[in-house]
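Data from run_34.cif: mmCIF, C-alpha atoms and all ligand atoms
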data_start
loop_
_atom_site.group_PDB
_atom_site.id
_atom_site.type_symbol
_atom_site.label_atom_id
_atom_site.label_comp_id
_atom_site.auth_asym_id
_atom_site.auth_seq_id
_atom_site.Cartn_x
_atom_site.Cartn_y
_atom_site.Cartn_z
ATOM 1 C CA MET A 1 96.961 72.866 111.023
ATOM 2 C CA THR A 2 99.557 75.639 110.724
ATOM 3 C CA ASN A 3 99.438 77.407 107.394
ATOM 4 C CA ALA A 4 102.487 76.963 105.197
ATOM 5 C CA LEU A 5 102.242 80.606 104.132
ATOM 6 C CA GLU A 6 100.239 83.372 105.702
ATOM 7 C CA VAL A 7 100.171 86.868 104.278
ATOM 8 C CA ASP A 8 98.358 89.387 106.416
ATOM 9 C CA ASN A 9 97.324 92.796 105.131
ATOM 10 C CA ILE A 10 100.448 93.582 103.140
ATOM 11 C CA SER A 11 100.689 96.742 101.119
ATOM 12 C CA LYS A 12 103.212 98.385 98.846
ATOM 13 C CA HIS A 13 103.446 101.738 97.093
ATOM 14 C CA PHE A 14 105.834 102.812 94.389
ATOM 15 C CA GLY A 15 105.887 106.565 94.781
ATOM 16 C CA GLY A 16 102.256 107.595 94.642
ATOM 17 C CA LEU A 17 101.152 104.329 93.008
ATOM 18 C CA LYS A 18 99.514 101.748 95.267
ATOM 19 C CA VAL A 19 100.605 98.419 93.762
ATOM 20 C CA THR A 20 99.534 96.140 96.592
ATOM 21 C CA GLY A 21 96.709 97.159 98.874
ATOM 22 C CA ASN A 22 96.033 95.256 102.097
ATOM 23 C CA VAL A 23 96.368 91.813 100.554
ATOM 24 C CA SER A 24 95.812 88.795 102.793
ATOM 25 C CA LEU A 25 95.922 85.144 101.878
ATOM 26 C CA SER A 26 97.006 81.865 103.317
ATOM 27 C CA LEU A 27 98.163 78.589 101.838
ATOM 28 C CA ALA A 28 97.844 75.297 103.686
ATOM 29 C CA PRO A 29 100.175 72.373 103.034
ATOM 30 C CA GLY A 30 99.027 70.645 99.841
ATOM 31 C CA ASP A 31 97.183 73.669 98.428
ATOM 32 C CA ARG A 32 97.185 74.144 94.661
ATOM 33 C CA VAL A 33 96.353 77.765 94.001
ATOM 34 C CA ALA A 34 96.479 79.829 90.816
ATOM 35 C CA LEU A 35 97.028 83.575 91.039
ATOM 36 C CA ILE A 36 95.581 85.356 88.043
ATOM 37 C CA GLY A 37 94.810 88.950 87.138
ATOM 38 C CA PRO A 38 94.985 91.397 84.231
ATOM 39 C CA ASN A 39 98.355 92.750 83.125
ATOM 40 C CA GLY A 40 99.756 95.155 85.684
ATOM 41 C CA ALA A 41 97.446 93.835 88.428
ATOM 42 C CA GLY A 42 100.407 93.470 90.786
ATOM 43 C CA LYS A 43 101.024 89.701 90.663
ATOM 44 C CA THR A 44 104.794 89.919 90.269
ATOM 45 C CA THR A 45 105.017 92.604 92.940
ATOM 46 C CA PHE A 46 102.992 90.418 95.295
ATOM 47 C CA VAL A 47 105.325 87.464 94.731
ATOM 48 C CA ASN A 48 108.358 89.725 95.299
ATOM 49 C CA LEU A 49 106.867 90.881 98.599
ATOM 50 C CA VAL A 50 106.310 87.282 99.674
ATOM 51 C CA THR A 51 109.841 86.196 98.735
ATOM 52 C CA GLY A 52 111.426 89.236 100.377
ATOM 53 C CA ASN A 53 112.873 90.593 97.120
ATOM 54 C CA LEU A 54 110.781 93.676 97.888
ATOM 55 C CA SER A 55 110.033 94.928 101.386
ATOM 56 C CA VAL A 56 106.438 95.562 102.427
ATOM 57 C CA ASP A 57 105.259 99.004 103.528
ATOM 58 C CA ALA A 58 102.921 97.365 106.022
ATOM 59 C CA GLY A 59 101.608 93.925 106.974
ATOM 60 C CA THR A 60 103.217 90.593 107.807
ATOM 61 C CA VAL A 61 104.403 87.460 106.019
ATOM 62 C CA ARG A 62 104.562 84.191 107.969
ATOM 63 C CA LEU A 63 106.096 80.890 106.964
ATOM 64 C CA GLY A 64 105.065 77.837 108.948
ATOM 65 C CA GLY A 65 103.612 80.195 111.545
ATOM 66 C CA GLU A 66 106.794 82.252 111.984
ATOM 67 C CA ASP A 67 107.002 85.919 111.118
ATOM 68 C CA VAL A 68 109.588 86.398 108.342
ATOM 69 C CA THR A 69 108.576 89.939 107.377
ATOM 70 C CA SER A 70 111.973 91.339 108.319
ATOM 71 C CA LYS A 71 113.941 88.390 106.857
ATOM 72 C CA GLY A 72 115.688 88.548 103.503
ATOM 73 C CA PRO A 73 115.096 86.242 100.518
ATOM 74 C CA MET A 74 117.806 83.702 101.416
ATOM 75 C CA GLU A 75 116.499 83.239 104.935
ATOM 76 C CA ARG A 76 113.023 82.661 103.491
ATOM 77 C CA VAL A 77 114.437 80.047 101.102
ATOM 78 C CA ARG A 78 116.060 78.321 104.089
ATOM 79 C CA ARG A 79 112.655 78.241 105.740
ATOM 80 C CA GLY A 80 111.110 76.504 102.760
ATOM 81 C CA LEU A 81 109.834 79.292 100.499
ATOM 82 C CA VAL A 82 111.116 78.623 97.002
ATOM 83 C CA ARG A 83 110.357 80.440 93.800
ATOM 84 C CA SER A 84 110.977 78.470 90.642
ATOM 85 C CA PHE A 85 114.235 79.584 89.103
ATOM 86 C CA GLN A 86 113.835 81.411 85.844
ATOM 87 C CA VAL A 87 115.365 79.900 82.731
ATOM 88 C CA THR A 88 117.278 83.137 82.443
ATOM 89 C CA ARG A 89 118.981 82.289 85.718
ATOM 90 C CA LEU A 90 120.253 78.895 84.602
ATOM 91 C CA PHE A 91 123.955 78.807 83.773
ATOM 92 C CA GLN A 92 124.467 78.028 80.095
ATOM 93 C CA ASP A 93 127.787 76.290 80.709
ATOM 94 C CA MET A 94 126.539 74.068 83.500
ATOM 95 C CA THR A 95 124.721 70.756 83.229
ATOM 96 C CA PRO A 96 121.425 69.728 84.863
ATOM 97 C CA GLU A 97 123.386 67.411 87.160
ATOM 98 C CA GLU A 98 125.507 70.338 88.339
ATOM 99 C CA HIS A 99 122.543 72.671 88.803
ATOM 100 C CA VAL A 100 120.644 70.190 90.941
ATOM 101 C CA ALA A 101 123.751 69.231 92.939
ATOM 102 C CA LEU A 102 124.439 72.902 93.639
ATOM 103 C CA ALA A 103 120.884 73.372 94.928
ATOM 104 C CA ILE A 104 121.190 70.328 97.203
ATOM 105 C CA LEU A 105 124.518 71.583 98.585
ATOM 106 C CA GLN A 106 123.003 75.026 99.100
ATOM 107 C CA ARG A 107 120.098 73.467 100.991
ATOM 108 C CA GLU A 108 122.535 71.615 103.211
ATOM 109 C CA GLY A 109 124.747 74.659 103.739
ATOM 110 C CA ARG A 110 127.667 72.856 102.117
ATOM 111 C CA THR A 111 128.444 75.276 99.308
ATOM 112 C CA ASN A 112 131.797 76.088 100.913
ATOM 113 C CA ARG A 113 133.028 72.658 99.748
ATOM 114 C CA LEU A 114 134.782 72.407 96.410
ATOM 115 C CA PHE A 115 131.834 72.197 94.063
ATOM 116 C CA GLY A 116 133.196 69.309 91.961
ATOM 117 C CA ASP A 117 133.294 67.241 95.160
ATOM 118 C CA PHE A 118 129.624 66.359 94.790
ATOM 119 C CA ARG A 119 130.692 63.583 92.420
ATOM 120 C CA ARG A 120 132.262 61.877 95.417
ATOM 121 C CA MET A 121 129.124 62.237 97.550
ATOM 122 C CA PRO A 122 126.946 59.194 96.936
ATOM 123 C CA GLN A 123 123.901 60.607 98.718
ATOM 124 C CA VAL A 124 123.988 63.826 96.709
ATOM 125 C CA LEU A 125 124.472 61.894 93.480
ATOM 126 C CA ALA A 126 121.578 59.577 94.305
ATOM 127 C CA GLU A 127 119.300 62.543 94.987
ATOM 128 C CA VAL A 128 120.393 64.278 91.775
ATOM 129 C CA ASP A 129 119.625 61.093 89.793
ATOM 130 C CA HIS A 130 116.266 60.730 91.476
ATOM 131 C CA LEU A 131 115.178 64.321 90.768
ATOM 132 C CA LEU A 132 116.368 64.322 87.164
ATOM 133 C CA ASP A 133 114.641 61.013 86.669
ATOM 134 C CA GLU A 134 111.371 62.340 88.091
ATOM 135 C CA LEU A 135 111.423 65.220 85.638
ATOM 136 C CA GLY A 136 112.441 63.095 82.672
ATOM 137 C CA LEU A 137 115.843 64.756 82.377
ATOM 138 C CA GLU A 138 118.052 61.755 83.121
ATOM 139 C CA GLN A 139 119.294 61.497 79.534
ATOM 140 C CA LEU A 140 120.423 65.129 79.683
ATOM 141 C CA ALA A 141 122.144 64.974 83.075
ATOM 142 C CA THR A 142 125.565 65.864 81.707
ATOM 143 C CA THR A 143 124.535 68.017 78.733
ATOM 144 C CA LYS A 144 125.231 71.738 78.974
ATOM 145 C CA VAL A 145 122.118 73.885 79.404
ATOM 146 C CA SER A 146 123.033 75.755 76.218
ATOM 147 C CA GLN A 147 122.400 72.512 74.308
ATOM 148 C CA ILE A 148 119.057 71.763 75.929
ATOM 149 C CA ALA A 149 115.621 72.658 74.509
ATOM 150 C CA TYR A 150 113.655 75.428 76.224
ATOM 151 C CA GLY A 151 110.911 73.129 77.513
ATOM 152 C CA GLN A 152 113.495 70.937 79.181
ATOM 153 C CA GLN A 153 115.194 73.982 80.686
ATOM 154 C CA ARG A 154 111.873 74.820 82.314
ATOM 155 C CA LEU A 155 111.730 71.284 83.719
ATOM 156 C CA LEU A 156 115.234 71.850 85.056
ATOM 157 C CA GLU A 157 113.990 74.992 86.859
ATOM 158 C CA LEU A 158 111.486 72.776 88.628
ATOM 159 C CA ALA A 159 114.165 70.199 89.472
ATOM 160 C CA VAL A 160 116.345 72.942 90.999
ATOM 161 C CA ALA A 161 113.395 74.304 92.976
ATOM 162 C CA LEU A 162 112.484 70.836 94.284
ATOM 163 C CA ALA A 163 116.113 70.150 95.243
ATOM 164 C CA LEU A 164 115.720 72.947 97.783
ATOM 165 C CA LYS A 165 112.944 70.855 99.446
ATOM 166 C CA PRO A 166 110.360 73.637 99.520
ATOM 167 C CA LYS A 167 107.309 73.759 101.744
ATOM 168 C CA VAL A 168 105.859 76.584 99.646
ATOM 169 C CA LEU A 169 106.566 76.755 95.919
ATOM 170 C CA LEU A 170 105.876 79.889 93.868
ATOM 171 C CA LEU A 171 105.701 79.195 90.152
ATOM 172 C CA ASP A 172 105.768 81.952 87.567
ATOM 173 C CA GLU A 173 104.053 80.783 84.378
ATOM 174 C CA PRO A 174 105.773 77.403 84.327
ATOM 175 C CA ALA A 175 104.705 76.537 80.770
ATOM 176 C CA ALA A 176 105.110 79.955 79.141
ATOM 177 C CA GLY A 177 107.171 79.877 75.973
ATOM 178 C CA VAL A 178 107.243 76.093 75.918
ATOM 179 C CA PRO A 179 106.336 74.458 72.604
ATOM 180 C CA GLN A 180 103.025 72.596 72.643
ATOM 181 C CA SER A 181 104.862 69.299 72.193
ATOM 182 C CA ASP A 182 106.597 69.720 75.580
ATOM 183 C CA THR A 183 103.809 71.183 77.723
ATOM 184 C CA GLY A 184 102.469 67.707 78.552
ATOM 185 C CA ARG A 185 105.695 66.829 80.364
ATOM 186 C CA ILE A 186 105.556 70.052 82.373
ATOM 187 C CA GLU A 187 101.941 69.473 83.332
ATOM 188 C CA GLN A 188 102.791 65.927 84.351
ATOM 189 C CA ALA A 189 105.613 67.285 86.545
ATOM 190 C CA LEU A 190 103.178 69.757 88.112
ATOM 191 C CA ALA A 191 100.665 66.986 88.743
ATOM 192 C CA GLU A 192 103.369 64.930 90.466
ATOM 193 C CA LEU A 193 104.593 67.647 92.854
ATOM 194 C CA PRO A 194 104.789 66.394 96.463
ATOM 195 C CA ALA A 195 101.298 66.140 97.950
ATOM 196 C CA ASP A 196 102.108 68.190 101.075
ATOM 197 C CA LEU A 197 103.759 71.045 99.155
ATOM 198 C CA ALA A 198 101.789 74.310 99.039
ATOM 199 C CA VAL A 199 101.891 75.698 95.484
ATOM 200 C CA LEU A 200 100.978 79.170 94.240
ATOM 201 C CA MET A 201 101.170 79.482 90.470
ATOM 202 C CA ILE A 202 100.957 82.742 88.523
ATOM 203 C CA GLU A 203 99.437 81.720 85.215
ATOM 204 C CA HIS A 204 97.865 83.372 82.201
ATOM 205 C CA ASP A 205 96.768 80.183 80.467
ATOM 206 C CA MET A 206 93.301 79.497 81.857
ATOM 207 C CA ASP A 207 93.208 75.956 80.508
ATOM 208 C CA LEU A 208 96.255 75.161 82.632
ATOM 209 C CA VAL A 209 94.732 77.030 85.597
ATOM 210 C CA PHE A 210 91.615 74.894 85.436
ATOM 211 C CA ARG A 211 93.585 71.660 85.166
ATOM 212 C CA PHE A 212 95.997 72.501 87.978
ATOM 213 C CA ALA A 213 94.309 74.695 90.566
ATOM 214 C CA ARG A 214 91.823 73.713 93.216
ATOM 215 C CA ARG A 215 91.509 77.363 94.201
ATOM 216 C CA VAL A 216 91.887 80.575 92.208
ATOM 217 C CA ILE A 217 92.823 84.008 93.512
ATOM 218 C CA VAL A 218 92.217 87.029 91.302
ATOM 219 C CA LEU A 219 94.255 90.169 91.814
ATOM 220 C CA ALA A 220 93.151 93.413 90.190
ATOM 221 C CA ALA A 221 94.669 96.847 90.790
ATOM 222 C CA GLY A 222 96.679 95.405 93.684
ATOM 223 C CA GLU A 223 93.737 93.921 95.560
ATOM 224 C CA ILE A 224 92.256 90.460 95.836
ATOM 225 C CA ILE A 225 88.827 90.567 94.251
ATOM 226 C CA PHE A 226 88.159 86.809 94.246
ATOM 227 C CA ASP A 227 89.425 83.854 96.260
ATOM 228 C CA GLY A 228 87.497 80.688 95.603
ATOM 229 C CA LEU A 229 86.712 77.712 93.438
ATOM 230 C CA PRO A 230 87.874 77.556 89.807
ATOM 231 C CA SER A 231 84.325 76.630 88.793
ATOM 232 C CA GLU A 232 83.060 79.948 90.168
ATOM 233 C CA VAL A 233 85.681 82.379 88.950
ATOM 234 C CA ILE A 234 84.405 82.938 85.440
ATOM 235 C CA GLU A 235 80.888 83.746 86.562
ATOM 236 C CA ASN A 236 82.023 86.193 89.224
ATOM 237 C CA ALA A 237 80.809 89.711 88.410
ATOM 238 C CA ARG A 238 83.808 91.546 89.919
ATOM 239 C CA VAL A 239 86.207 89.335 88.021
ATOM 240 C CA ARG A 240 84.342 89.892 84.777
ATOM 241 C CA GLU A 241 84.387 93.616 85.357
ATOM 242 C CA ALA A 242 88.135 93.578 86.084
ATOM 243 C CA TYR A 243 88.807 91.925 82.777
ATOM 244 C CA LEU A 244 86.427 94.300 81.012
ATOM 245 C CA GLY A 245 84.605 91.562 79.219
ATOM 246 C CA SER A 246 87.644 89.756 77.920
ATOM 247 C CA TYR A 247 86.068 86.658 79.463
ATOM 248 C CA ALA A 248 84.231 86.196 76.203
ATOM 249 C CA ASN A 249 87.317 84.178 75.379
ATOM 250 C CA ALA A 250 88.157 82.350 78.599
ATOM 251 C CA SER A 251 91.516 81.080 77.430
ATOM 252 C CA SER A 252 92.806 84.616 76.983
ATOM 253 C CA VAL A 253 92.035 85.650 80.545
ATOM 254 C CA ALA A 254 94.809 86.579 83.002
HETATM 255 N N1 LIG B 301 109.850 98.964 90.682
HETATM 256 C C1 LIG B 301 108.728 99.570 90.295
HETATM 257 N N2 LIG B 301 108.610 100.925 90.354
HETATM 258 C C2 LIG B 301 107.468 101.544 89.984
HETATM 259 N N3 LIG B 301 106.373 100.894 89.542
HETATM 260 C C3 LIG B 301 106.426 99.551 89.458
HETATM 261 C C4 LIG B 301 107.590 98.820 89.834
HETATM 262 N N4 LIG B 301 107.338 97.479 89.649
HETATM 263 C C5 LIG B 301 106.078 97.407 89.175
HETATM 264 N N5 LIG B 301 105.526 98.644 89.070
HETATM 265 C C6 LIG B 301 104.139 98.931 88.650
HETATM 266 O O1 LIG B 301 103.282 98.225 89.510
HETATM 267 C C7 LIG B 301 102.144 97.721 88.805
HETATM 268 C C8 LIG B 301 102.044 96.215 89.004
HETATM 269 O O2 LIG B 301 103.103 95.563 88.297
HETATM 270 P P1 LIG B 301 103.345 93.990 88.351
HETATM 271 O O3 LIG B 301 104.509 93.702 87.481
HETATM 272 O O4 LIG B 301 103.406 93.550 89.768
HETATM 273 O O5 LIG B 301 101.996 93.443 87.698
HETATM 274 P P2 LIG B 301 101.700 91.997 87.104
HETATM 275 O O6 LIG B 301 100.309 91.667 87.549
HETATM 276 O O7 LIG B 301 102.762 91.054 87.485
HETATM 277 O O8 LIG B 301 101.703 92.265 85.559
HETATM 278 P P3 LIG B 301 101.997 91.245 84.324
HETATM 279 O O9 LIG B 301 100.909 90.246 84.321
HETATM 280 O O10 LIG B 301 101.931 92.185 83.149
HETATM 281 O O11 LIG B 301 103.373 90.693 84.562
HETATM 282 C C9 LIG B 301 102.313 98.147 87.361
HETATM 283 O O12 LIG B 301 101.587 99.337 87.202
HETATM 284 C C10 LIG B 301 103.802 98.411 87.250
HETATM 285 O O13 LIG B 301 104.058 99.390 86.268
#
Could you take the file, read its structure, and then write that structure out as structure tokens?
Ligand SMILES: Nc1ncnc2c1ncn2[C@@H]1O[C@H](COP(=O)(O)OP(=O)(O)OP(=O)(O)O)[C@@H](O)[C@H]1O
Amino acid sequence: MTNALEVDNISKHFGGLKVTGNVSLSLAPGDRVALIGPNGAGKTTFVNLVTGNLSVDAGTVRLGGEDVTSKGPMERVRRGLVRSFQVTRLFQDMTPEEHVALAILQREGRTNRLFGDFRRMPQVLAEVDHLLDELGLEQLATTKVSQIAYGQQRLLELAVALALKPKVLLLDEPAAGVPQSDTGRIEQALAELPADLAVLMIEHDMDLVFRFARRVIVLAAGEIIFDGLPSEVIENARVREAYLGSYANASSVA
């Protein structure tokens, strides 16, 4: 089976600082992987190298078997690599319906049409309804983002990401900042992601990591020091050392 994402020996320096050192990993369709690591380990940099927001110094990135190392972020999105939108990138004056419609039109290369036209496109409308319904946002379809609670904005990020029909989804702390009362809905949405989607989630909350991930990758000082089963990560000596004993309290790891 062709890997959905294959990263081969990528590295990145900022000036004299090595932030990513010869990192390799692959995700198969359907993988559920958590990427953890102490603060400053290089997780965000790694994700930026995969998405093309940063260029690698060396190494290759492949999507569905094709080398995209020299391709920019938009081309990678078109090939199925989607990073969950950040709440900060949602438009306060737009509604969930409009956000999801815009993502669908972008996916279909139809953004040159008058945007309001989507209301006359039954297929787009049906898909918008379906996605908002799946994420429990149907009641808020026409409410401006500025009027919507933070937890539901994070669900909207997921809806926008899914509207792009990803093959590989990169999630950056999907439940961070969400009140306890709303995290259940986010976890349910994560549990219901399409079965063949490859998901890599950066997460600090180890309880969520253990519930979601079937594989855990630990990055420390820009290098992968563990890639294996969640049940084995806590006992791993290199991982323990990287966290300098903070494993005493497992839920504060990462
Ligand atoms: N544009 C940049 N220029 C110089 N140094 C940078 C740049 N971006 C990140 N760094 C440095 O690279 C290292 C890794 O940062 P990065 O944000 O990737 O880590 P992280 O694991 O995502 O951390 P956190 O969990 O705190 O978000 C840090 O030492 C950071 O200061």
Problem set entry | Which of A:Gly30, A:Gly59, A:Gly40, A:Pro179 sits closest to A:Leu17 [using all atoms listed in the file] |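 The answer is A:Gly40, which sits nearest to A:Leu17.
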For this session: Given the file shown, enumerate the residues that the PyMOL selection byres (((not hetatm)) within 6 of (chain B and resi 301)) captures and present them as JSON, numbers by chain.
Result: {"A": [14, 19, 39, 40, 41, 42, 43, 44, 45]}
Problem set entry | Distance of atom CA of A:Glu75 from atom CA of A:Gln106, expressed in Å to one decimal place |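 Separating atom CA of A:Gln106 from atom CA of A:Glu75 is a distance of 12.0 Å.
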Run through the PyMOL selection byres (((chain A and resi 158) around 9) and not hetatm) on the given coordinates and return the selected residues as an mmCIF file with C-alpha atoms, keeping the file's coordinate frame.
data_model
loop_
_atom_site.group_PDB
_atom_site.id
_atom_site.type_symbol
_atom_site.label_atom_id
_atom_site.label_comp_id
_atom_site.auth_asym_id
_atom_site.auth_seq_id
_atom_site.Cartn_x
_atom_site.Cartn_y
_atom_site.Cartn_z
ATOM 1 C CA SER A 84 110.977 78.470 90.642
ATOM 2 C CA PHE A 85 114.235 79.584 89.103
ATOM 3 C CA LEU A 135 111.423 65.220 85.638
ATOM 4 C CA GLN A 153 115.194 73.982 80.686
ATOM 5 C CA ARG A 154 111.873 74.820 82.314
ATOM 6 C CA LEU A 155 111.730 71.284 83.719
ATOM 7 C CA LEU A 156 115.234 71.850 85.056
ATOM 8 C CA GLU A 157 113.990 74.992 86.859
ATOM 9 C CA ALA A 159 114.165 70.199 89.472
ATOM 10 C CA VAL A 160 116.345 72.942 90.999
ATOM 11 C CA ALA A 161 113.395 74.304 92.976
ATOM 12 C CA LEU A 162 112.484 70.836 94.284
ATOM 13 C CA ALA A 163 116.113 70.150 95.243
ATOM 14 C CA LEU A 171 105.701 79.195 90.152
ATOM 15 C CA PRO A 174 105.773 77.403 84.327
ATOM 16 C CA ALA A 189 105.613 67.285 86.545
ATOM 17 C CA LEU A 190 103.178 69.757 88.112
#
Problem set entry | A:Leu140 surroundings by all atoms listed in the file, 8 Å radius, close-in-sequence under 3 positions cut, as a PyMOL selection string | chain A and resi 95-96+137+143+148
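The gap separating atom CA of A:Leu35 from atom CA of A:Leu200 is 6.7 Å, in Å to one decimal.
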With the file shown as input, list the residues that the PyMOL selection byres (((chain A and resi 97) around 7) and not hetatm) selects, as a tab-separated table (two decimals) with C-alpha atoms, keeping the file's coordinate frame.
chain	number	residue	atom	x	y	z
A	95	THR	CA	124.72	70.76	83.23
A	96	PRO	CA	121.42	69.73	84.86
A	98	GLU	CA	125.51	70.34	88.34
A	99	HIS	CA	122.54	72.67	88.80
A	100	VAL	CA	120.64	70.19	90.94
A	101	ALA	CA	123.75	69.23	92.94
A	128	VAL	CA	120.39	64.28	91.78
A	141	ALA	CA	122.14	64.97	83.08
A	142	THR	CA	125.56	65.86	81.71
Might I get the box with edges along x, y and z of the file that holds all atoms of stretch 119-133 of chain A listed there, padded by 8 Å on every side, given as centre and edge lengths in Å to one decimal, as AutoDock Vina command-line options?
--center_x 123.5 --center_y 61.8 --center_z 92.7 --size_x 33.6 --size_y 21.1 --size_z 28.0
For this session: Could you please determine the separation between atom CA of A:Gly65 and atom CA of A:Asn22 in Å, to one decimal place?
Result: 19.3 Å
Problem set entry | Among the residues A:Met1, A:Val239, A:Ala28, A:Val56, the one that comes closest to A:Ala195 [using all atoms listed in the file] |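 The answer is A:Ala28, which sits nearest to A:Ala195.
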Could you build a table of the residues in stretch 193-213 of chain A lying no more than 12 Å from stretch 180-186 of chain A, giving for each the nearest pair of atoms and their separation in Å rounded to one decimal place, using all atoms listed in the file, ordered by chain and ascending residue number, as JSON lines?
{"residue": "A:Leu193", "atom": "CA", "partner": "A:Ile186", "partner_atom": "CA", "distance": 10.8}
{"residue": "A:Asp205", "atom": "CA", "partner": "A:Thr183", "partner_atom": "CA", "distance": 11.8}
{"residue": "A:Asp207", "atom": "CA", "partner": "A:Thr183", "partner_atom": "CA", "distance": 12.0}
{"residue": "A:Leu208", "atom": "CA", "partner": "A:Thr183", "partner_atom": "CA", "distance": 9.8}
{"residue": "A:Arg211", "atom": "CA", "partner": "A:Gly184", "partner_atom": "CA", "distance": 11.8}
{"residue": "A:Phe212", "atom": "CA", "partner": "A:Ile186", "partner_atom": "CA", "distance": 11.3}
Exercise. Which residue out of A:Pro166, A:Gly136, A:Gly222, A:Gly151 has the minimum interatomic distance to A:Arg76 when all atoms listed in the file are used?
Worked result: A:Pro166
For this session: Identify the residues within 8 Å of coordinate (101.5, 87.6, 103.4) (same frame as the file), considering only C-alpha atoms, and give the answer as a ChimeraX atom specification.
Result: /A:5-10,23-26,49-50,59-62
Exercise. Please, which residues are within 10 Å of (120.0, 77.3, 76.3) by the file's coordinates, counting only C-alpha atoms, and could they come as a PyMOL selection string?
Worked result: chain A and resi 87-88+90-93+144-150+152-153
Quick one: stretch 148-200 of chain A from the block, C-alpha atoms, as a short mmCIF file (atom, residue, chain, number, x, y, z; two decimals), in the first residue's frame.
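Result went into decode.cif, see below:
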data_model
loop_
_atom_site.label_atom_id
_atom_site.label_comp_id
_atom_site.auth_asym_id
_atom_site.auth_seq_id
_atom_site.Cartn_x
_atom_site.Cartn_y
_atom_site.Cartn_z
CA ILE A 148 -20.19 31.28 18.30
CA ALA A 149 -18.54 29.69 21.36
CA TYR A 150 -14.84 28.80 21.13
CA GLY A 151 -15.40 25.04 21.29
CA GLN A 152 -17.79 25.25 18.37
CA GLN A 153 -15.32 27.38 16.42
CA ARG A 154 -12.82 24.55 16.82
CA LEU A 155 -15.42 22.13 15.45
CA LEU A 156 -15.85 24.52 12.53
CA GLU A 157 -12.08 24.32 11.87
CA LEU A 158 -12.51 20.58 11.50
CA ALA A 159 -15.52 21.02 9.20
CA VAL A 160 -13.49 23.37 6.97
CA ALA A 161 -10.57 20.93 6.92
CA LEU A 162 -12.84 18.00 6.03
CA ALA A 163 -14.53 20.03 3.28
CA LEU A 164 -11.16 20.01 1.52
CA LYS A 165 -11.41 16.16 1.40
CA PRO A 166 -7.98 15.51 2.88
CA LYS A 167 -6.03 12.29 2.58
CA VAL A 168 -3.66 13.44 5.33
CA LEU A 169 -4.92 15.65 8.14
CA LEU A 170 -2.56 17.52 10.48
CA LEU A 171 -4.24 18.63 13.68
CA ASP A 172 -2.66 21.11 16.05
CA GLU A 173 -4.00 20.59 19.57
CA PRO A 174 -7.62 20.29 18.47
CA ALA A 175 -9.06 20.57 21.99
CA ALA A 176 -6.74 23.23 23.41
CA GLY A 177 -8.57 26.11 25.03
CA VAL A 178 -11.91 24.35 24.77
CA PRO A 179 -14.01 24.28 27.94
CA GLN A 180 -14.36 20.83 29.49
CA SER A 181 -18.07 20.83 28.68
CA ASP A 182 -17.32 20.92 24.93
CA THR A 183 -14.32 18.58 24.66
CA GLY A 184 -16.59 15.52 24.40
CA ARG A 185 -18.03 16.79 21.12
CA ILE A 186 -14.55 17.39 19.71
CA GLU A 187 -13.38 13.94 20.73
CA GLN A 188 -16.48 12.44 19.17
CA ALA A 189 -15.70 14.32 15.93
CA LEU A 190 -12.13 12.99 16.04
CA ALA A 191 -13.39 9.46 16.61
CA GLU A 192 -15.69 9.79 13.59
CA LEU A 193 -13.05 11.03 11.12
CA PRO A 194 -13.11 9.04 7.85
CA ALA A 195 -11.54 5.61 8.38
CA ASP A 196 -9.10 5.90 5.45
CA LEU A 197 -7.83 9.36 6.43
CA ALA A 198 -4.27 9.49 7.80
CA VAL A 199 -4.19 11.75 10.87
CA LEU A 200 -1.20 13.27 12.65
#
